[in-house]
>>> print(open('final_9.cif').read())   # mmCIF, C-alpha atoms and all ligand atoms
data_work
loop_
_atom_site.label_atom_id
_atom_site.label_comp_id
_atom_site.auth_asym_id
_atom_site.auth_seq_id
_atom_site.Cartn_x
_atom_site.Cartn_y
_atom_site.Cartn_z
CA MET A 1 -125.39 98.13 21.11
CA LYS A 2 -126.88 95.73 23.64
CA ASN A 3 -128.97 92.57 23.58
CA TYR A 4 -132.06 93.19 25.70
CA ARG A 5 -134.04 90.28 27.08
CA THR A 6 -136.96 92.30 28.18
CA LYS A 7 -140.74 92.79 28.32
CA ILE A 8 -143.45 94.52 26.38
CA ILE A 9 -145.07 97.47 28.14
CA SER A 10 -147.82 97.91 25.55
CA ASN A 11 -148.68 96.91 21.98
CA GLN A 12 -151.57 98.79 20.40
CA GLU A 13 -153.08 99.14 16.93
CA ILE A 14 -152.83 102.85 16.09
CA SER A 15 -154.23 102.69 12.55
CA PRO A 16 -155.61 99.68 10.65
CA GLY A 17 -152.64 97.28 10.23
CA TYR A 18 -150.16 99.54 12.09
CA TYR A 19 -149.05 98.82 15.66
CA ARG A 20 -147.02 100.72 18.21
CA MET A 21 -145.03 98.57 20.61
CA ARG A 22 -143.46 100.02 23.75
CA ILE A 23 -140.66 97.85 25.14
CA LEU A 24 -138.83 98.13 28.44
CA ALA A 25 -135.18 99.01 27.63
CA PRO A 26 -133.09 100.45 30.49
CA GLY A 27 -130.22 102.59 29.22
CA PHE A 28 -131.40 102.46 25.58
CA SER A 29 -132.01 106.19 25.18
CA GLU A 30 -128.48 107.09 26.33
CA THR A 31 -126.95 105.79 23.10
CA ALA A 32 -129.83 105.86 20.57
CA HIS A 33 -130.20 108.61 18.03
CA SER A 34 -132.53 109.31 15.14
CA GLY A 35 -132.38 106.96 12.14
CA GLN A 36 -130.97 103.97 14.05
CA PHE A 37 -132.84 100.69 14.27
CA VAL A 38 -133.32 97.57 16.37
CA MET A 39 -133.38 93.87 15.48
CA PHE A 40 -136.42 92.28 17.11
CA ARG A 41 -136.52 88.54 17.76
CA VAL A 42 -140.09 87.43 17.17
CA GLN A 43 -139.71 84.06 18.89
CA ARG A 44 -136.75 81.95 20.06
CA SER A 45 -137.47 78.41 18.94
CA LEU A 46 -140.11 78.54 16.20
CA PRO A 47 -139.95 80.13 12.73
CA PRO A 48 -139.40 82.89 11.84
CA LEU A 49 -136.06 82.57 13.63
CA LEU A 50 -134.38 85.55 12.00
CA ARG A 51 -134.70 88.84 13.83
CA ARG A 52 -136.64 91.58 12.06
CA PRO A 53 -135.34 95.17 11.68
CA PHE A 54 -137.46 98.11 12.86
CA GLY A 55 -136.71 101.82 13.05
CA ILE A 56 -136.71 103.50 16.45
CA PHE A 57 -139.81 105.69 16.71
CA ARG A 58 -138.90 107.20 20.06
CA THR A 59 -137.36 106.54 23.45
CA GLY A 60 -138.60 107.76 26.81
CA SER A 61 -139.22 106.85 30.41
CA LEU A 62 -142.27 106.14 32.54
CA PRO A 63 -142.45 108.07 35.83
CA ALA A 64 -140.85 106.51 38.90
CA ASP A 65 -143.09 104.08 40.80
CA CYS A 66 -144.71 105.22 44.06
CA ASP A 67 -142.65 102.56 45.86
CA GLY A 68 -139.47 104.44 45.00
CA LEU A 69 -138.36 102.28 42.05
CA PRO A 70 -136.49 104.26 39.35
CA PRO A 71 -138.23 105.46 36.15
CA LYS A 72 -138.65 102.75 33.52
CA GLU A 73 -136.90 103.56 30.27
CA PHE A 74 -138.51 102.32 27.08
CA VAL A 75 -138.10 102.24 23.32
CA GLU A 76 -141.05 102.44 20.93
CA ILE A 77 -141.30 100.88 17.50
CA VAL A 78 -144.17 101.28 15.04
CA TYR A 79 -144.70 98.43 12.60
CA LYS A 80 -147.00 97.45 9.78
CA VAL A 81 -148.27 93.88 9.60
CA VAL A 82 -146.94 92.53 6.29
CA GLY A 83 -145.94 88.90 6.91
CA ARG A 84 -145.38 86.11 9.37
CA GLY A 85 -143.16 87.93 11.87
CA THR A 86 -145.24 91.07 12.15
CA THR A 87 -148.45 89.01 12.37
CA ILE A 88 -147.02 87.23 15.42
CA MET A 89 -145.84 90.56 16.85
CA ALA A 90 -149.33 91.99 16.58
CA GLU A 91 -150.58 89.21 18.87
CA LEU A 92 -148.12 89.97 21.67
CA HIS A 93 -149.33 91.60 24.89
CA GLU A 94 -148.16 93.63 27.86
CA GLY A 95 -145.72 91.57 29.94
CA ASP A 96 -144.74 89.17 27.12
CA LYS A 97 -141.00 88.48 26.99
CA VAL A 98 -139.13 89.70 23.89
CA GLU A 99 -135.54 90.05 22.71
CA LEU A 100 -134.15 93.18 21.16
CA LEU A 101 -130.73 94.07 19.77
CA GLY A 102 -129.85 97.74 19.44
CA PRO A 103 -129.47 100.57 18.85
CA LEU A 104 -127.87 99.64 15.51
CA GLY A 105 -126.53 101.39 12.42
CA ASN A 106 -125.77 104.99 11.60
CA GLY A 107 -128.57 107.49 11.81
CA PHE A 108 -129.24 110.96 10.42
CA ASP A 109 -126.56 113.59 10.40
CA ALA A 110 -128.12 116.92 11.27
CA PRO A 111 -125.34 119.06 12.74
CA SER A 112 -126.42 122.67 12.20
CA CYS A 113 -129.57 124.58 11.51
CA ASP A 114 -129.21 127.22 8.83
CA GLY A 115 -132.37 127.06 6.75
CA GLU A 116 -135.48 124.92 6.56
CA ARG A 117 -135.53 121.20 7.21
CA ILE A 118 -138.05 119.22 5.17
CA LEU A 119 -138.79 115.63 6.21
CA VAL A 120 -140.56 113.33 3.75
CA GLY A 121 -142.10 110.12 5.07
CA GLY A 122 -144.06 107.54 3.13
CA GLY A 123 -146.17 105.14 5.23
CA ILE A 124 -143.99 103.25 7.67
CA GLY A 125 -141.12 105.50 6.54
CA LEU A 126 -142.51 108.06 8.99
CA VAL A 127 -141.05 106.05 11.87
CA PRO A 128 -137.41 107.27 11.96
CA LEU A 129 -138.50 110.86 11.29
CA TYR A 130 -140.12 111.39 14.68
CA MET A 131 -136.86 111.33 16.66
CA LEU A 132 -135.16 113.33 13.92
CA ALA A 133 -137.89 115.98 14.09
CA GLY A 134 -137.45 116.21 17.87
CA GLU A 135 -133.67 116.61 17.54
CA LEU A 136 -134.00 119.30 14.84
CA ILE A 137 -136.63 121.24 16.79
CA GLU A 138 -134.35 121.17 19.85
CA LYS A 139 -131.63 122.79 17.70
CA GLY A 140 -134.07 125.57 16.79
CA CYS A 141 -134.74 124.46 13.18
CA ASN A 142 -137.93 125.09 11.26
CA VAL A 143 -139.17 121.61 10.51
CA ARG A 144 -141.82 120.71 7.94
CA LEU A 145 -142.99 117.15 7.59
CA LEU A 146 -144.57 115.90 4.37
CA MET A 147 -146.49 112.73 5.20
CA GLY A 148 -147.59 110.51 2.34
CA GLY A 149 -149.65 107.34 2.16
CA ARG A 150 -151.79 105.30 -0.19
CA THR A 151 -154.83 105.89 2.03
CA ARG A 152 -155.60 107.55 5.36
CA ASP A 153 -154.68 104.28 7.12
CA ASP A 154 -150.99 104.88 6.25
CA ILE A 155 -150.88 108.20 8.10
CA PHE A 156 -150.24 108.10 11.84
CA ALA A 157 -148.87 110.19 14.72
CA VAL A 158 -149.82 113.52 13.08
CA THR A 159 -150.71 115.10 16.43
CA GLU A 160 -147.51 113.83 18.04
CA PHE A 161 -145.37 115.41 15.32
CA GLU A 162 -147.35 118.65 15.67
CA ARG A 163 -146.85 118.65 19.44
CA LEU A 164 -143.10 118.72 18.81
CA GLY A 165 -143.60 121.95 16.86
CA VAL A 166 -143.44 120.44 13.37
CA GLU A 167 -145.58 121.86 10.56
CA THR A 168 -147.27 118.85 8.93
CA TYR A 169 -148.69 118.34 5.42
CA VAL A 170 -150.62 115.21 4.57
CA SER A 171 -151.23 113.72 1.15
CA THR A 172 -152.80 110.41 0.16
CA ASP A 173 -152.95 108.75 -3.25
CA ASP A 174 -156.73 108.31 -2.99
CA GLY A 175 -157.43 111.67 -1.32
CA SER A 176 -158.95 109.99 1.77
CA LEU A 177 -156.87 112.32 3.99
CA GLY A 178 -155.18 115.62 3.15
CA GLU A 179 -154.29 116.55 -0.39
CA GLU A 180 -154.98 113.99 -3.14
CA GLY A 181 -151.82 112.80 -4.93
CA VAL A 182 -148.25 111.80 -4.23
CA VAL A 183 -146.19 113.38 -1.48
CA THR A 184 -143.43 114.34 -3.93
CA LYS A 185 -145.75 116.92 -5.55
CA VAL A 186 -145.88 118.67 -2.18
CA LEU A 187 -142.08 118.44 -1.95
CA GLU A 188 -141.68 120.18 -5.32
CA ARG A 189 -143.87 123.05 -4.12
CA LYS A 190 -142.06 123.37 -0.80
CA LEU A 191 -138.65 123.46 -2.45
CA GLN A 192 -139.78 126.32 -4.67
CA LYS A 193 -140.73 128.21 -1.52
CA PHE A 194 -137.67 127.14 0.52
CA PRO A 195 -134.81 126.71 -2.00
CA LYS A 196 -132.16 126.45 0.76
CA ALA A 197 -133.87 123.59 2.55
CA GLU A 198 -132.23 120.28 3.41
CA VAL A 199 -134.33 117.15 2.90
CA PHE A 200 -134.48 113.90 4.93
CA ALA A 201 -136.57 111.03 3.58
CA CYS A 202 -137.68 107.51 4.36
CA GLY A 203 -140.26 105.42 2.54
CA PRO A 204 -140.78 103.02 -0.36
CA MET A 205 -138.12 103.00 -3.08
CA PRO A 206 -140.27 104.62 -5.83
CA MET A 207 -140.89 107.54 -3.45
CA LEU A 208 -137.20 107.77 -2.51
CA CYS A 209 -136.22 107.78 -6.21
CA ALA A 210 -138.65 110.60 -6.94
CA VAL A 211 -137.44 112.57 -3.90
CA ARG A 212 -133.85 112.08 -5.03
CA ASP A 213 -134.62 113.30 -8.59
CA ILE A 214 -136.35 116.41 -7.25
CA CYS A 215 -133.44 117.13 -4.89
CA VAL A 216 -130.88 116.69 -7.68
CA ALA A 217 -132.88 119.08 -9.91
CA ASN A 218 -133.00 121.65 -7.10
CA LYS A 219 -129.41 121.06 -5.85
CA THR A 220 -130.88 120.22 -2.45
CA PRO A 221 -128.89 118.16 0.07
CA LEU A 222 -130.68 114.89 0.79
CA GLN A 223 -130.28 112.09 3.33
CA VAL A 224 -132.30 108.91 2.92
CA SER A 225 -132.98 106.02 5.24
CA LEU A 226 -133.05 102.71 3.34
CA GLU A 227 -135.17 99.77 4.44
CA GLU A 228 -133.33 96.95 2.67
CA SER A 229 -134.09 93.42 3.84
CA MET A 230 -131.71 92.42 6.63
CA ALA A 231 -130.84 89.06 8.11
CA CYS A 232 -128.32 89.82 10.87
CA GLY A 233 -128.31 93.62 11.26
CA VAL A 234 -124.69 93.66 12.44
CA GLY A 235 -122.56 93.36 9.29
CA ALA A 236 -122.03 89.59 9.37
CA CYS A 237 -124.15 88.20 6.52
CA LEU A 238 -123.70 90.84 3.78
CA GLY A 239 -127.37 90.32 2.91
CA CYS A 240 -128.08 94.04 2.98
CA VAL A 241 -125.38 95.44 0.67
CA VAL A 242 -126.26 98.12 -1.87
CA LYS A 243 -124.08 99.56 -4.62
CA GLY A 244 -122.34 102.82 -3.92
CA ALA A 245 -122.09 105.75 -6.35
CA GLY A 246 -119.55 105.11 -9.10
CA HIS A 247 -119.78 101.32 -8.76
CA THR A 248 -118.43 99.45 -11.79
CA GLU A 249 -117.45 95.84 -12.43
CA GLU A 250 -113.80 96.93 -12.42
CA ARG A 251 -114.07 99.12 -9.33
CA PRO A 252 -116.86 97.68 -7.23
CA SER A 253 -118.31 99.71 -4.39
CA TYR A 254 -120.61 97.96 -1.95
CA LEU A 255 -122.14 99.50 1.16
CA CYS A 256 -123.51 97.45 4.00
CA THR A 257 -126.86 99.03 4.86
CA CYS A 258 -126.90 97.78 8.45
CA LYS A 259 -123.40 99.05 9.31
CA VAL A 260 -122.76 102.09 7.10
CA GLY A 261 -126.47 103.00 6.97
CA PRO A 262 -129.40 102.68 7.08
CA VAL A 263 -129.10 106.47 6.58
CA PHE A 264 -126.99 107.65 3.63
CA LYS A 265 -126.26 110.96 1.99
CA ALA A 266 -127.97 110.50 -1.38
CA GLN A 267 -124.85 111.27 -3.42
CA TYR A 268 -123.07 108.18 -2.05
CA LEU A 269 -125.59 105.70 -3.51
CA ASP A 270 -125.98 104.13 -6.96
CA TRP A 271 -129.62 105.10 -7.62
CA ASN A 272 -130.03 103.17 -10.85
CA ALA A 273 -128.95 99.97 -9.15
CA LEU A 274 -131.24 100.66 -6.19
CA ALA A 275 -134.22 101.35 -8.42
CA GLN A 276 -133.59 98.25 -10.52
CA SER A 277 -133.21 95.97 -7.51
CA HIS A 278 -136.58 97.21 -6.27
CA GLY A 279 -138.24 96.85 -9.66
CA CYS A 280 -139.13 100.52 -10.00
CA GLY A 281 -137.18 101.57 -13.11
CA GLY A 282 -134.08 103.72 -13.20
CA CYS A 283 -133.60 107.04 -11.45
CA GLU A 284 -132.62 110.00 -13.61
C1 LIG A 301 -133.47 99.55 8.81
C2 LIG A 301 -134.89 99.08 8.65
C3 LIG A 301 -135.88 99.71 9.36
C4 LIG A 301 -137.21 99.27 9.24
N1 LIG A 301 -138.14 99.91 9.97
C5 LIG A 301 -139.40 99.49 9.93
C6 LIG A 301 -140.37 100.11 10.76
O1 LIG A 301 -140.07 101.03 11.52
N2 LIG A 301 -141.63 99.63 10.71
C7 LIG A 301 -141.97 98.59 9.88
O2 LIG A 301 -143.14 98.20 9.87
N3 LIG A 301 -141.09 98.00 9.08
C8 LIG A 301 -139.80 98.41 9.10
N4 LIG A 301 -138.88 97.79 8.32
C9 LIG A 301 -139.32 96.67 7.47
C10 LIG A 301 -139.53 95.43 8.37
O3 LIG A 301 -138.27 94.97 8.80
C11 LIG A 301 -140.26 94.32 7.60
O4 LIG A 301 -141.54 94.77 7.26
C12 LIG A 301 -140.37 93.07 8.46
O5 LIG A 301 -139.10 92.49 8.62
C13 LIG A 301 -141.32 92.08 7.83
O6 LIG A 301 -141.31 90.91 8.61
P1 LIG A 301 -142.43 89.81 8.41
O7 LIG A 301 -141.89 88.55 9.00
O8 LIG A 301 -143.74 90.28 8.92
O9 LIG A 301 -142.56 89.73 6.87
P2 LIG A 301 -141.94 88.62 5.90
O10 LIG A 301 -142.81 87.41 6.02
O11 LIG A 301 -140.48 88.47 6.14
O12 LIG A 301 -142.18 89.36 4.52
C14 LIG A 301 -143.51 89.74 4.12
C15 LIG A 301 -143.43 90.67 2.95
O13 LIG A 301 -142.76 91.89 3.34
C16 LIG A 301 -141.66 92.12 2.48
N5 LIG A 301 -140.56 92.71 3.26
C17 LIG A 301 -139.83 92.11 4.23
N6 LIG A 301 -138.87 92.96 4.68
C18 LIG A 301 -139.00 94.09 3.95
C19 LIG A 301 -138.30 95.32 3.92
N7 LIG A 301 -137.23 95.57 4.68
N8 LIG A 301 -138.74 96.27 3.05
C20 LIG A 301 -139.79 96.04 2.24
N9 LIG A 301 -140.48 94.91 2.22
C21 LIG A 301 -140.09 93.94 3.05
C22 LIG A 301 -141.26 90.76 1.95
O14 LIG A 301 -140.60 90.86 0.70
C23 LIG A 301 -142.60 90.09 1.79
O15 LIG A 301 -143.24 90.46 0.59
C24 LIG A 301 -137.55 98.19 8.39
C25 LIG A 301 -136.55 97.56 7.67
C26 LIG A 301 -135.24 97.99 7.80
C27 LIG A 301 -134.15 97.30 7.07
S1 LIG A 302 -127.97 92.46 7.49
FE1 LIG A 302 -126.31 91.10 7.67
S2 LIG A 302 -124.68 92.32 6.95
FE2 LIG A 302 -126.33 93.70 6.99
#
>>> encode(input="final_9.cif", output="structure tokens")
Amino acid sequence: MKNYRTKIISNQEISPGYYRMRILAPGFSETAHSGQFVMFRVQRSLPPLLRRPFGIFRTGSLPADCDGLPPKEFVEIVYKVVGRGTTIMAELHEGDKVELLGPLGNGFDAPSCDGERILVGGGIGLVPLYMLAGELIEKGCNVRLLMGGRTRDDIFAVTEFERLGVETYVSTDDGSLGEEGVVTKVLERKLQKFPKAEVFACGPMPMLCAVRDICVANKTPLQVSLEESMACGVGACLGCVVKGAGHTEERPSYLCTCKVGPVFKAQYLDWNALAQSHGCGGCE
């Protein structure tokens, strides 16, 4: 983990309300892996002062300059404008100075490749799945990505996933792109076809709860990336703790999302507590 005082290379709207920011970050890709995140400082002296967490979409490097300077390594984040911080971020331009802490947290664990890998991403939850897809494809896995959104605006980077060799399926609640309905319907169908699959998911809590229920019913291994609110991102404030499986008043189990996660094997989490804290009912 390193604190980068660096510059924006580009910051473009890729779908209404969704931006992709490329940031100069020498050495970042050497330690980053899929599912990790960065803490982005929006501005130094004016509110909001707290850094904001964002998943790593990808890392890469620009070709070496003609004048012999080395290639420029970068990290890319994709963010949705939802509040004050992201509104300010959307107004930043090439060359603007920014501060970035990362890579942080524990990412996906995808050691071997026996069987299908199904990735489920809802809206901005697609972000950490791009690097994961690349890593799985490199290991020779068959990777299917189920992309879900409320409308077509929530679906992005389809061609980029496909260029990696991923088979993509799109569904939107309003049917404005792909199949009409929720992405978990597609997951149910895919698991009937590929009963030995392993599932990796990131998205809003109601989607994660539904994915978890389906995986439990099918005895399918599942890893989820949680997007709990975070203040420090480094384990200091305990603002991001979630209850672990088996938590009771007598034997409490708390997991710090920014240090232990944000990616967890589903069986280690208390799903009822998660669902209740996000106001989406209990998980079966
Ligand atoms: C590990 C991690 C990875 C994330 N990755 C991404 C990503 O790749 N792209 C992206 O766009 N967002 C991501 N988020 C969410 C992102 O951090 C928030 O959207 C952002 O901090 C909002 O800042 P803001 O100042 O614009 O909004 P605020 O003004 O702080 O809040 C605006 C609204 O957004 C809600 N909100 C704030 N944080 C979250 C959150 N974590 N989850 C759900 N709702 C929230 C608030 O409750 C409020 O209603 C991630 C969060 C975590 C913890
Ligand atoms: S965000 Fe501060 S401990 Fe996790």
>>> atom_distance(input="final_9.cif", atom1="atom C3 of ligand LIG 301 (chain A)", atom2="atom CA of A:Val241")
14.3 Å
>>> closest_atom_pairs(input="final_9.cif", of="stretch 167-197 of chain A", to="stretch 113-119 of chain A", cutoff="9 Å", atoms="only C-alpha atoms", output="CSV")
residue,atom,partner,partner_atom,distance
A:Leu187,CA,A:Ile118,CA,8.2
A:Lys190,CA,A:Ile118,CA,8.3
A:Leu191,CA,A:Ile118,CA,8.7
A:Phe194,CA,A:Glu116,CA,6.8
A:Pro195,CA,A:Glu116,CA,8.8
A:Lys196,CA,A:Gly115,CA,6.0
A:Ala197,CA,A:Glu116,CA,4.5
>>> closest_residue(input="final_9.cif", among="A:Arg189, A:Arg52, A:Lys97, A:Lys219", to="ligand LIG 302 (chain A)", atoms="all atoms listed in the file")
A:Arg52
>>> residues_around(input="final_9.cif", residues="A:Val78", least_positions_apart="3", cutoff="10 Å", atoms="all atoms listed in the file", output="JSON list (two decimals) with C-alpha atoms, in the coordinates of the input")
[["chain", "number", "residue", "atom", "x", "y", "z"],
["A", 11, "ASN", "CA", -148.68, 96.91, 21.98],
["A", 12, "GLN", "CA", -151.57, 98.79, 20.40],
["A", 13, "GLU", "CA", -153.08, 99.14, 16.93],
["A", 14, "ILE", "CA", -152.83, 102.85, 16.09],
["A", 18, "TYR", "CA", -150.16, 99.54, 12.09],
["A", 19, "TYR", "CA", -149.05, 98.82, 15.66],
["A", 20, "ARG", "CA", -147.02, 100.72, 18.21],
["A", 21, "MET", "CA", -145.03, 98.57, 20.61],
["A", 22, "ARG", "CA", -143.46, 100.02, 23.75],
["A", 54, "PHE", "CA", -137.46, 98.11, 12.86],
["A", 55, "GLY", "CA", -136.71, 101.82, 13.05],
["A", 56, "ILE", "CA", -136.71, 103.50, 16.45],
["A", 57, "PHE", "CA", -139.81, 105.69, 16.71],
["A", 58, "ARG", "CA", -138.90, 107.20, 20.06],
["A", 124, "ILE", "CA", -143.99, 103.25, 7.67],
["A", 125, "GLY", "CA", -141.12, 105.50, 6.54],
["A", 126, "LEU", "CA", -142.51, 108.06, 8.99],
["A", 127, "VAL", "CA", -141.05, 106.05, 11.87],
["A", 128, "PRO", "CA", -137.41, 107.27, 11.96],
["A", 156, "PHE", "CA", -150.24, 108.10, 11.84]]
>>> residues_around(input="final_9.cif", residues="A:Ala217", least_positions_apart="4", cutoff="12 Å", atoms="only C-alpha atoms", output="PyMOL selection string")
chain A and resi 188+191-192+195+210-213+221-222+284
>>> atom_distance(input="final_9.cif", atom1="atom C9 of ligand LIG 301 (chain A)", atom2="atom CA of A:Met39")
10.4 Å
>>> atom_distance(input="final_9.cif", atom1="atom C17 of ligand LIG 301 (chain A)", atom2="atom CA of A:Ser229")
5.9 Å
>>> residues_near_ligand(input="final_9.cif", ligand="ligand LIG 302 (chain A)", cutoff="10 Å", atoms="all atoms listed in the file", output="mmCIF file with C-alpha atoms, keeping the file's coordinate frame")
data_model
loop_
_atom_site.group_PDB
_atom_site.id
_atom_site.type_symbol
_atom_site.label_atom_id
_atom_site.label_comp_id
_atom_site.auth_asym_id
_atom_site.auth_seq_id
_atom_site.Cartn_x
_atom_site.Cartn_y
_atom_site.Cartn_z
ATOM 1 C CA MET A 39 -133.380 93.870 15.480
ATOM 2 C CA ARG A 51 -134.700 88.840 13.830
ATOM 3 C CA ARG A 52 -136.640 91.580 12.060
ATOM 4 C CA PRO A 53 -135.340 95.170 11.680
ATOM 5 C CA GLY A 105 -126.530 101.390 12.420
ATOM 6 C CA GLU A 228 -133.330 96.950 2.670
ATOM 7 C CA SER A 229 -134.090 93.420 3.840
ATOM 8 C CA MET A 230 -131.710 92.420 6.630
ATOM 9 C CA ALA A 231 -130.840 89.060 8.110
ATOM 10 C CA CYS A 232 -128.320 89.820 10.870
ATOM 11 C CA GLY A 233 -128.310 93.620 11.260
ATOM 12 C CA VAL A 234 -124.690 93.660 12.440
ATOM 13 C CA GLY A 235 -122.560 93.360 9.290
ATOM 14 C CA ALA A 236 -122.030 89.590 9.370
ATOM 15 C CA CYS A 237 -124.150 88.200 6.520
ATOM 16 C CA LEU A 238 -123.700 90.840 3.780
ATOM 17 C CA GLY A 239 -127.370 90.320 2.910
ATOM 18 C CA CYS A 240 -128.080 94.040 2.980
ATOM 19 C CA VAL A 241 -125.380 95.440 0.670
ATOM 20 C CA VAL A 242 -126.260 98.120 -1.870
ATOM 21 C CA LEU A 255 -122.140 99.500 1.160
ATOM 22 C CA CYS A 256 -123.510 97.450 4.000
ATOM 23 C CA THR A 257 -126.860 99.030 4.860
ATOM 24 C CA CYS A 258 -126.900 97.780 8.450
ATOM 25 C CA LYS A 259 -123.400 99.050 9.310
ATOM 26 C CA VAL A 260 -122.760 102.090 7.100
ATOM 27 C CA GLY A 261 -126.470 103.000 6.970
ATOM 28 C CA PRO A 262 -129.400 102.680 7.080
#
>>> residues_around(input="final_9.cif", residues="A:Ser29", least_positions_apart="3", cutoff="9 Å", atoms="only C-alpha atoms", output="PyMOL selection string")
chain A and resi 25-26+32-33+58-61+73-75+103
>>> residues_around(input="final_9.cif", residues="stretch 162-179 of chain A", least_positions_apart="3", cutoff="6 Å", atoms="all atoms listed in the file", output="number ranges by chain")
A: 143-152, 159, 182-183
>>> axis_aligned_box(input="final_9.cif", around="stretch 126-141 of chain A", padding_each_side="6 Å", output="lines of an AutoDock Vina configuration file")
center_x = -137.1
center_y = 115.8
center_z = 14.4
size_x = 22.9
size_y = 31.5
size_z = 22.9
>>> residues_around(input="final_9.cif", residues="A:Ser34", least_positions_apart="6", cutoff="8 Å", atoms="all atoms listed in the file", output="ChimeraX atom specification")
/A:56,107-108,128-132,135
>>> closest_residue(input="final_9.cif", among="A:Glu250, A:Glu198, A:Glu30, A:Glu76", to="ligand LIG 301 (chain A)", atoms="only C-alpha atoms and all ligand atoms")
A:Glu76
>>> closest_residue(input="final_9.cif", among="A:Gln223, A:Thr87, A:Thr184, A:Ser253", to="ligand LIG 301 (chain A)", atoms="only C-alpha atoms and all ligand atoms")
A:Thr87
>>> closest_residue(input="final_9.cif", among="A:Leu269, A:Val38, A:Leu208, A:Val186", to="ligand LIG 301 (chain A)", atoms="all atoms listed in the file")
A:Val38
>>> residues_near_point(input="final_9.cif", point="(-140.1, 90.4, 13.9)", cutoff="10 Å", atoms="only C-alpha atoms", output="MDAnalysis selection string")
chainID A and resid 39:43 48:54 79 81 83:90 99:100
>>> write_last_selection(input="final_9.cif", atoms="C-alpha atoms", output="CSV table (one decimal), in the coordinates of the input")
chain,number,residue,atom,x,y,z
A,39,MET,CA,-133.4,93.9,15.5
A,40,PHE,CA,-136.4,92.3,17.1
A,41,ARG,CA,-136.5,88.5,17.8
A,42,VAL,CA,-140.1,87.4,17.2
A,43,GLN,CA,-139.7,84.1,18.9
A,48,PRO,CA,-139.4,82.9,11.8
A,49,LEU,CA,-136.1,82.6,13.6
A,50,LEU,CA,-134.4,85.6,12.0
A,51,ARG,CA,-134.7,88.8,13.8
A,52,ARG,CA,-136.6,91.6,12.1
A,53,PRO,CA,-135.3,95.2,11.7
A,54,PHE,CA,-137.5,98.1,12.9
A,79,TYR,CA,-144.7,98.4,12.6
A,81,VAL,CA,-148.3,93.9,9.6
A,83,GLY,CA,-145.9,88.9,6.9
A,84,ARG,CA,-145.4,86.1,9.4
A,85,GLY,CA,-143.2,87.9,11.9
A,86,THR,CA,-145.2,91.1,12.2
A,87,THR,CA,-148.4,89.0,12.4
A,88,ILE,CA,-147.0,87.2,15.4
A,89,MET,CA,-145.8,90.6,16.8
A,90,ALA,CA,-149.3,92.0,16.6
A,99,GLU,CA,-135.5,90.0,22.7
A,100,LEU,CA,-134.2,93.2,21.2
